[in-house]
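> Dropping in model17.pdb, with PDB, C-alpha atoms, pLDDT in the B column.
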ATOM      1  CA  MET A   1     -17.626  10.579 -78.145  1.00 95.00           C
ATOM      2  CA  LEU A   2     -19.103  12.456 -75.177  1.00 96.00           C
ATOM      3  CA  ARG A   3     -21.736  15.064 -75.992  1.00 97.00           C
ATOM      4  CA  SER A   4     -23.029  17.845 -73.767  1.00 97.00           C
ATOM      5  CA  LEU A   5     -26.812  17.487 -73.453  1.00 97.00           C
ATOM      6  CA  LEU A   6     -29.568  19.210 -71.475  1.00 97.00           C
ATOM      7  CA  LYS A   7     -30.125  17.277 -68.239  1.00 97.00           C
ATOM      8  CA  SER A   8     -32.353  19.585 -66.178  1.00 97.00           C
ATOM      9  CA  LYS A   9     -34.352  22.754 -66.837  1.00 98.00           C
ATOM     10  CA  ILE A  10     -36.411  24.980 -64.554  1.00 98.00           C
ATOM     11  CA  HIS A  11     -38.392  27.159 -66.956  1.00 98.00           C
ATOM     12  CA  ARG A  12     -40.047  30.531 -66.234  1.00 98.00           C
ATOM     13  CA  ALA A  13     -38.920  30.773 -62.601  1.00 98.00           C
ATOM     14  CA  VAL A  14     -39.112  34.285 -61.137  1.00 98.00           C
ATOM     15  CA  VAL A  15     -36.053  35.820 -59.449  1.00 98.00           C
ATOM     16  CA  THR A  16     -37.395  36.834 -56.034  1.00 98.00           C
ATOM     17  CA  ASP A  17     -34.317  38.735 -54.835  1.00 97.00           C
ATOM     18  CA  ALA A  18     -30.808  39.782 -55.846  1.00 96.00           C
ATOM     19  CA  HIS A  19     -27.870  40.306 -53.465  1.00 95.00           C
ATOM     20  CA  VAL A  20     -24.840  41.973 -55.047  1.00 94.00           C
ATOM     21  CA  ASP A  21     -22.785  41.895 -51.824  1.00 91.00           C
ATOM     22  CA  TYR A  22     -22.487  38.129 -51.703  1.00 86.00           C
ATOM     23  CA  GLU A  23     -20.228  35.463 -53.202  1.00 78.00           C
ATOM     24  CA  GLY A  24     -21.615  34.500 -56.594  1.00 76.00           C
ATOM     25  CA  SER A  25     -24.236  31.803 -57.071  1.00 92.00           C
ATOM     26  CA  ILE A  26     -27.957  31.265 -57.525  1.00 97.00           C
ATOM     27  CA  SER A  27     -30.013  30.080 -54.552  1.00 97.00           C
ATOM     28  CA  ILE A  28     -32.758  27.629 -55.499  1.00 98.00           C
ATOM     29  CA  PRO A  29     -35.240  26.107 -53.024  1.00 97.00           C
ATOM     30  CA  GLU A  30     -34.266  22.584 -51.992  1.00 97.00           C
ATOM     31  CA  ASP A  31     -37.601  21.113 -53.135  1.00 97.00           C
ATOM     32  CA  LEU A  32     -37.181  22.671 -56.598  1.00 97.00           C
ATOM     33  CA  MET A  33     -33.586  21.404 -56.769  1.00 97.00           C
ATOM     34  CA  GLU A  34     -34.738  17.863 -56.000  1.00 97.00           C
ATOM     35  CA  ALA A  35     -37.565  18.010 -58.561  1.00 96.00           C
ATOM     36  CA  ALA A  36     -35.105  19.191 -61.230  1.00 97.00           C
ATOM     37  CA  ASP A  37     -32.325  16.776 -60.186  1.00 96.00           C
ATOM     38  CA  LEU A  38     -29.852  19.563 -59.351  1.00 98.00           C
ATOM     39  CA  TRP A  39     -27.042  19.235 -56.826  1.00 97.00           C
ATOM     40  CA  GLU A  40     -25.619  21.930 -54.596  1.00 97.00           C
ATOM     41  CA  GLY A  41     -22.523  23.289 -56.337  1.00 97.00           C
ATOM     42  CA  GLU A  42     -23.667  22.117 -59.783  1.00 98.00           C
ATOM     43  CA  LYS A  43     -22.895  24.476 -62.665  1.00 98.00           C
ATOM     44  CA  VAL A  44     -25.948  25.981 -64.341  1.00 98.00           C
ATOM     45  CA  LEU A  45     -26.677  28.313 -67.211  1.00 98.00           C
ATOM     46  CA  VAL A  46     -29.195  30.989 -66.213  1.00 98.00           C
ATOM     47  CA  ALA A  47     -30.968  32.730 -69.107  1.00 98.00           C
ATOM     48  CA  SER A  48     -33.226  35.698 -68.465  1.00 98.00           C
ATOM     49  CA  ILE A  49     -36.423  35.482 -70.476  1.00 97.00           C
ATOM     50  CA  THR A  50     -37.030  39.130 -69.504  1.00 97.00           C
ATOM     51  CA  SER A  51     -33.739  40.781 -70.503  1.00 96.00           C
ATOM     52  CA  GLY A  52     -31.982  38.166 -72.633  1.00 97.00           C
ATOM     53  CA  ASN A  53     -28.916  38.170 -70.346  1.00 97.00           C
ATOM     54  CA  ARG A  54     -27.234  34.793 -69.814  1.00 97.00           C
ATOM     55  CA  LEU A  55     -24.633  33.667 -67.293  1.00 97.00           C
ATOM     56  CA  GLU A  56     -23.075  30.595 -65.750  1.00 97.00           C
ATOM     57  CA  THR A  57     -22.932  30.117 -62.003  1.00 97.00           C
ATOM     58  CA  TYR A  58     -23.374  27.347 -59.438  1.00 97.00           C
ATOM     59  CA  VAL A  59     -26.366  26.233 -57.399  1.00 97.00           C
ATOM     60  CA  GLN A  60     -26.726  27.021 -53.713  1.00 96.00           C
ATOM     61  CA  ARG A  61     -29.422  25.262 -51.673  1.00 96.00           C
ATOM     62  CA  GLY A  62     -32.221  27.519 -50.420  1.00 95.00           C
ATOM     63  CA  PRO A  63     -35.023  26.782 -47.943  1.00 96.00           C
ATOM     64  CA  ALA A  64     -37.688  24.395 -49.264  1.00 96.00           C
ATOM     65  CA  GLY A  65     -41.244  25.582 -49.737  1.00 93.00           C
ATOM     66  CA  GLU A  66     -40.514  29.305 -49.903  1.00 92.00           C
ATOM     67  CA  GLY A  67     -40.108  29.665 -53.677  1.00 96.00           C
ATOM     68  CA  ALA A  68     -37.122  31.994 -53.242  1.00 97.00           C
ATOM     69  CA  VAL A  69     -34.868  32.054 -56.318  1.00 98.00           C
ATOM     70  CA  VAL A  70     -32.056  34.497 -55.527  1.00 98.00           C
ATOM     71  CA  MET A  71     -29.238  35.815 -57.723  1.00 98.00           C
ATOM     72  CA  ASN A  72     -26.070  36.491 -55.720  1.00 96.00           C
ATOM     73  CA  GLY A  73     -22.838  38.391 -56.312  1.00 94.00           C
ATOM     74  CA  GLY A  74     -22.012  39.948 -59.669  1.00 92.00           C
ATOM     75  CA  ALA A  75     -24.728  37.831 -61.302  1.00 93.00           C
ATOM     76  CA  ALA A  76     -27.260  40.030 -59.470  1.00 94.00           C
ATOM     77  CA  ARG A  77     -26.203  42.931 -61.718  1.00 94.00           C
ATOM     78  CA  ARG A  78     -26.950  40.919 -64.889  1.00 95.00           C
ATOM     79  CA  ILE A  79     -30.219  39.279 -63.791  1.00 97.00           C
ATOM     80  CA  GLN A  80     -32.338  41.179 -61.285  1.00 96.00           C
ATOM     81  CA  LYS A  81     -35.315  40.728 -58.993  1.00 97.00           C
ATOM     82  CA  GLY A  82     -38.570  40.211 -60.885  1.00 98.00           C
ATOM     83  CA  GLU A  83     -37.034  38.732 -64.042  1.00 98.00           C
ATOM     84  CA  ARG A  84     -38.262  35.397 -65.422  1.00 98.00           C
ATOM     85  CA  VAL A  85     -35.456  32.917 -66.026  1.00 98.00           C
ATOM     86  CA  ALA A  86     -34.660  29.489 -67.400  1.00 98.00           C
ATOM     87  CA  ILE A  87     -32.136  27.590 -65.270  1.00 98.00           C
ATOM     88  CA  MET A  88     -30.404  24.801 -67.203  1.00 98.00           C
ATOM     89  CA  ALA A  89     -27.894  22.086 -66.304  1.00 98.00           C
ATOM     90  CA  PHE A  90     -26.112  19.861 -68.808  1.00 98.00           C
ATOM     91  CA  GLY A  91     -24.560  16.407 -68.616  1.00 96.00           C
ATOM     92  CA  LEU A  92     -21.948  14.569 -70.660  1.00 97.00           C
ATOM     93  CA  SER A  93     -23.082  11.309 -72.215  1.00 97.00           C
ATOM     94  CA  GLU A  94     -22.388   8.961 -75.096  1.00 97.00           C
ATOM     95  CA  THR A  95     -26.126   8.259 -75.379  1.00 96.00           C
ATOM     96  CA  PRO A  96     -29.209  10.503 -75.377  1.00 95.00           C
ATOM     97  CA  ILE A  97     -30.334  11.935 -72.021  1.00 91.00           C
ATOM     98  CA  LYS A  98     -33.996  12.314 -71.083  1.00 92.00           C
ATOM     99  CA  ALA A  99     -34.047  15.876 -69.783  1.00 94.00           C
ATOM    100  CA  LYS A 100     -36.167  16.698 -66.759  1.00 95.00           C
ATOM    101  CA  LYS A 101     -38.038  19.941 -67.559  1.00 97.00           C
ATOM    102  CA  LEU A 102     -40.044  21.833 -64.946  1.00 97.00           C
ATOM    103  CA  LEU A 103     -42.407  24.712 -65.701  1.00 97.00           C
ATOM    104  CA  CYS A 104     -42.983  27.161 -62.834  1.00 97.00           C
ATOM    105  CA  ASN A 105     -45.737  29.646 -62.082  1.00 97.00           C
ATOM    106  CA  GLU A 106     -45.195  33.181 -60.728  1.00 96.00           C
ATOM    107  CA  HIS A 107     -44.655  31.750 -57.197  1.00 96.00           C
ATOM    108  CA  ASN A 108     -41.960  29.300 -58.379  1.00 97.00           C
ATOM    109  CA  GLN A 109     -44.279  26.353 -57.849  1.00 95.00           C
ATOM    110  CA  VAL A 110     -43.983  23.522 -60.374  1.00 95.00           C
ATOM    111  CA  VAL A 111     -47.056  23.386 -62.597  1.00 96.00           C
ATOM    112  CA  ARG A 112     -45.771  20.794 -65.074  1.00 95.00           C
ATOM    113  CA  ILE A 113     -42.940  18.265 -65.288  1.00 93.00           C
ATOM    114  CA  GLU A 114     -41.719  16.721 -68.533  1.00 87.00           C
ATOM    115  CA  ASP A 115     -39.409  13.720 -68.284  1.00 74.00           C
ATOM    116  CA  HIS A 116     -38.410  13.478 -71.912  1.00 57.00           C
ATOM    117  CA  GLY A 117     -35.798  15.016 -74.182  1.00 46.00           C
TER
END
Let me see the file written as structure tokens.

Amino acid sequence: MLRSLLKSKIHRAVVTDAHVDYEGSISIPEDLMEAADLWEGEKVLVASITSGNRLETYVQRGPAGEGAVVMNGGAARRIQKGERVAIMAFGLSETPIKAKKLLCNEHNQVVRIEDHG
């Protein structure tokens, strides 16, 4: 039996901008994507720690080193600039997955990485 398990999590990232007039997605800096093992186009669940809103969208690659996490399209109406979010990706597996969990500071820099489930 395949189970859906947490694969990657970026915790407490800050949304730095929101563009309603754009095709939907979330832009994540390339260096943060690599650290979290996220691919461009990968489906993610974005949960606002600030408002409690949750939505699914896909990842778009943003410039590395800038810390810009940007909500785009209709998602920008649900989760707005300045909100803290958890960005989660899941994988299907018959065996346990060791989730990669990143904790970010207010500048979206990784302050801790956990490589266990």
> Taking (-25.3, 12.3, -74.5) in the file's coordinates as the center, which residues reach within 10 Å of it, counting only C-alpha atoms, put as a PyMOL selection string?
chain A and resi 1-7+90-98
> Record the distance separating CA of Ser25 in chain A and CA of Leu55 in chain A, expressed in Å with one decimal.
10.4 Å
> For the point (-38.1, 30.4, -63.0) in the file's frame, write as a ChimeraX atom specification all residues with an atom no more than 7 Å away, counting all atoms listed in the file.
/A:10-15,84-87,104,108
> Pick the closest to Thr50 in chain A from A:Gln80, A:Ile113, A:His107, A:Met88: which is it, counting only C-alpha atoms?
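Smallest separation from Thr50 in chain A among the options: A:Gln80.
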> To test your reading of the syntax: which residues would the PyMOL selection byres ((chain A and resi 18) around 12) return for the file shown? Reply as a PDB file with C-alpha atoms, in the coordinates of the input.

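Heads up, here's the output in out_35.pdb:
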ATOM      1  CA  VAL A  14     -39.112  34.285 -61.137  1.00 98.00           C
ATOM      2  CA  VAL A  15     -36.053  35.820 -59.449  1.00 98.00           C
ATOM      3  CA  THR A  16     -37.395  36.834 -56.034  1.00 98.00           C
ATOM      4  CA  ASP A  17     -34.317  38.735 -54.835  1.00 97.00           C
ATOM      5  CA  HIS A  19     -27.870  40.306 -53.465  1.00 95.00           C
ATOM      6  CA  VAL A  20     -24.840  41.973 -55.047  1.00 94.00           C
ATOM      7  CA  ASP A  21     -22.785  41.895 -51.824  1.00 91.00           C
ATOM      8  CA  TYR A  22     -22.487  38.129 -51.703  1.00 86.00           C
ATOM      9  CA  GLU A  23     -20.228  35.463 -53.202  1.00 78.00           C
ATOM     10  CA  GLY A  24     -21.615  34.500 -56.594  1.00 76.00           C
ATOM     11  CA  SER A  25     -24.236  31.803 -57.071  1.00 92.00           C
ATOM     12  CA  ILE A  26     -27.957  31.265 -57.525  1.00 97.00           C
ATOM     13  CA  SER A  27     -30.013  30.080 -54.552  1.00 97.00           C
ATOM     14  CA  ALA A  68     -37.122  31.994 -53.242  1.00 97.00           C
ATOM     15  CA  VAL A  69     -34.868  32.054 -56.318  1.00 98.00           C
ATOM     16  CA  VAL A  70     -32.056  34.497 -55.527  1.00 98.00           C
ATOM     17  CA  MET A  71     -29.238  35.815 -57.723  1.00 98.00           C
ATOM     18  CA  ASN A  72     -26.070  36.491 -55.720  1.00 96.00           C
ATOM     19  CA  GLY A  73     -22.838  38.391 -56.312  1.00 94.00           C
ATOM     20  CA  GLY A  74     -22.012  39.948 -59.669  1.00 92.00           C
ATOM     21  CA  ALA A  75     -24.728  37.831 -61.302  1.00 93.00           C
ATOM     22  CA  ALA A  76     -27.260  40.030 -59.470  1.00 94.00           C
ATOM     23  CA  ARG A  77     -26.203  42.931 -61.718  1.00 94.00           C
ATOM     24  CA  ARG A  78     -26.950  40.919 -64.889  1.00 95.00           C
ATOM     25  CA  ILE A  79     -30.219  39.279 -63.791  1.00 97.00           C
ATOM     26  CA  GLN A  80     -32.338  41.179 -61.285  1.00 96.00           C
ATOM     27  CA  LYS A  81     -35.315  40.728 -58.993  1.00 97.00           C
ATOM     28  CA  GLY A  82     -38.570  40.211 -60.885  1.00 98.00           C
ATOM     29  CA  GLU A  83     -37.034  38.732 -64.042  1.00 98.00           C
TER      30      GLU A  83
END
> CA of Gly52 in chain A to CA of Trp39 in chain A: how many Å, to one decimal?
25.2 Å
> Using Å and a single decimal, report how far CA of Met33 in chain A sits from CA of Leu45 in chain A.
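So the two atoms, CA of Leu45 in chain A and CA of Met33 in chain A, lie 14.3 Å apart.
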> If we count all atoms listed in the file and set the cut-off at 7 Å, which residues sit around Lys43 in chain A, ignoring sequence neighbours fewer than 2 positions away in its own chain? Please answer as number ranges by chain.
A: 41, 56-59, 89
> Please identify all polymer residues within 12 Å of Glu34 in chain A, counting all atoms listed in the file, omitting same-chain residues fewer than 3 positions from it, and present them as a list in words.
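The neighbour list is Ser8, Lys9, Ile10, Ile28, Pro29, Glu30, Asp31, Asp37, Leu38, Trp39, Glu40, Val59, Arg61, Gly62, Ala64, Gly65, Lys100, Leu102 and Val110 of chain A.
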> Generate a file of the selected residues that holds C-alpha atoms, formatted as a short mmCIF file (atom, residue, chain, number, x, y, z; two decimals), keeping the file's coordinate frame.

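Listed below is the output, result05.cif:
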data_model
loop_
_atom_site.label_atom_id
_atom_site.label_comp_id
_atom_site.auth_asym_id
_atom_site.auth_seq_id
_atom_site.Cartn_x
_atom_site.Cartn_y
_atom_site.Cartn_z
CA SER A 8 -32.35 19.58 -66.18
CA LYS A 9 -34.35 22.75 -66.84
CA ILE A 10 -36.41 24.98 -64.55
CA ILE A 28 -32.76 27.63 -55.50
CA PRO A 29 -35.24 26.11 -53.02
CA GLU A 30 -34.27 22.58 -51.99
CA ASP A 31 -37.60 21.11 -53.14
CA ASP A 37 -32.33 16.78 -60.19
CA LEU A 38 -29.85 19.56 -59.35
CA TRP A 39 -27.04 19.24 -56.83
CA GLU A 40 -25.62 21.93 -54.60
CA VAL A 59 -26.37 26.23 -57.40
CA ARG A 61 -29.42 25.26 -51.67
CA GLY A 62 -32.22 27.52 -50.42
CA ALA A 64 -37.69 24.40 -49.26
CA GLY A 65 -41.24 25.58 -49.74
CA LYS A 100 -36.17 16.70 -66.76
CA LEU A 102 -40.04 21.83 -64.95
CA VAL A 110 -43.98 23.52 -60.37
#
> Restricting the calculation to only C-alpha atoms, which member of A:Asn105, A:Val111, A:Leu32, A:Val44 is positioned closest to Glu66 in chain A?
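Smallest separation from Glu66 in chain A among the options: A:Leu32.
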> Smallest atom-to-atom distance to Asp115 in chain A: which of A:Ser51, A:Gly67, A:Ala35, A:Ala99, using all atoms listed in the file?
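Of the candidates, the smallest distance to Asp115 in chain A is held by A:Ala99.
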> Output, as AutoDock Vina command-line options, the centre and edge lengths in Å (one decimal) of the axis-aligned box that contains all listed atoms of range 2-9 of chain A with 3 Å of margin on each side.

--center_x -26.7 --center_y 17.6 --center_z -71.1 --size_x 21.2 --size_y 16.3 --size_z 15.8
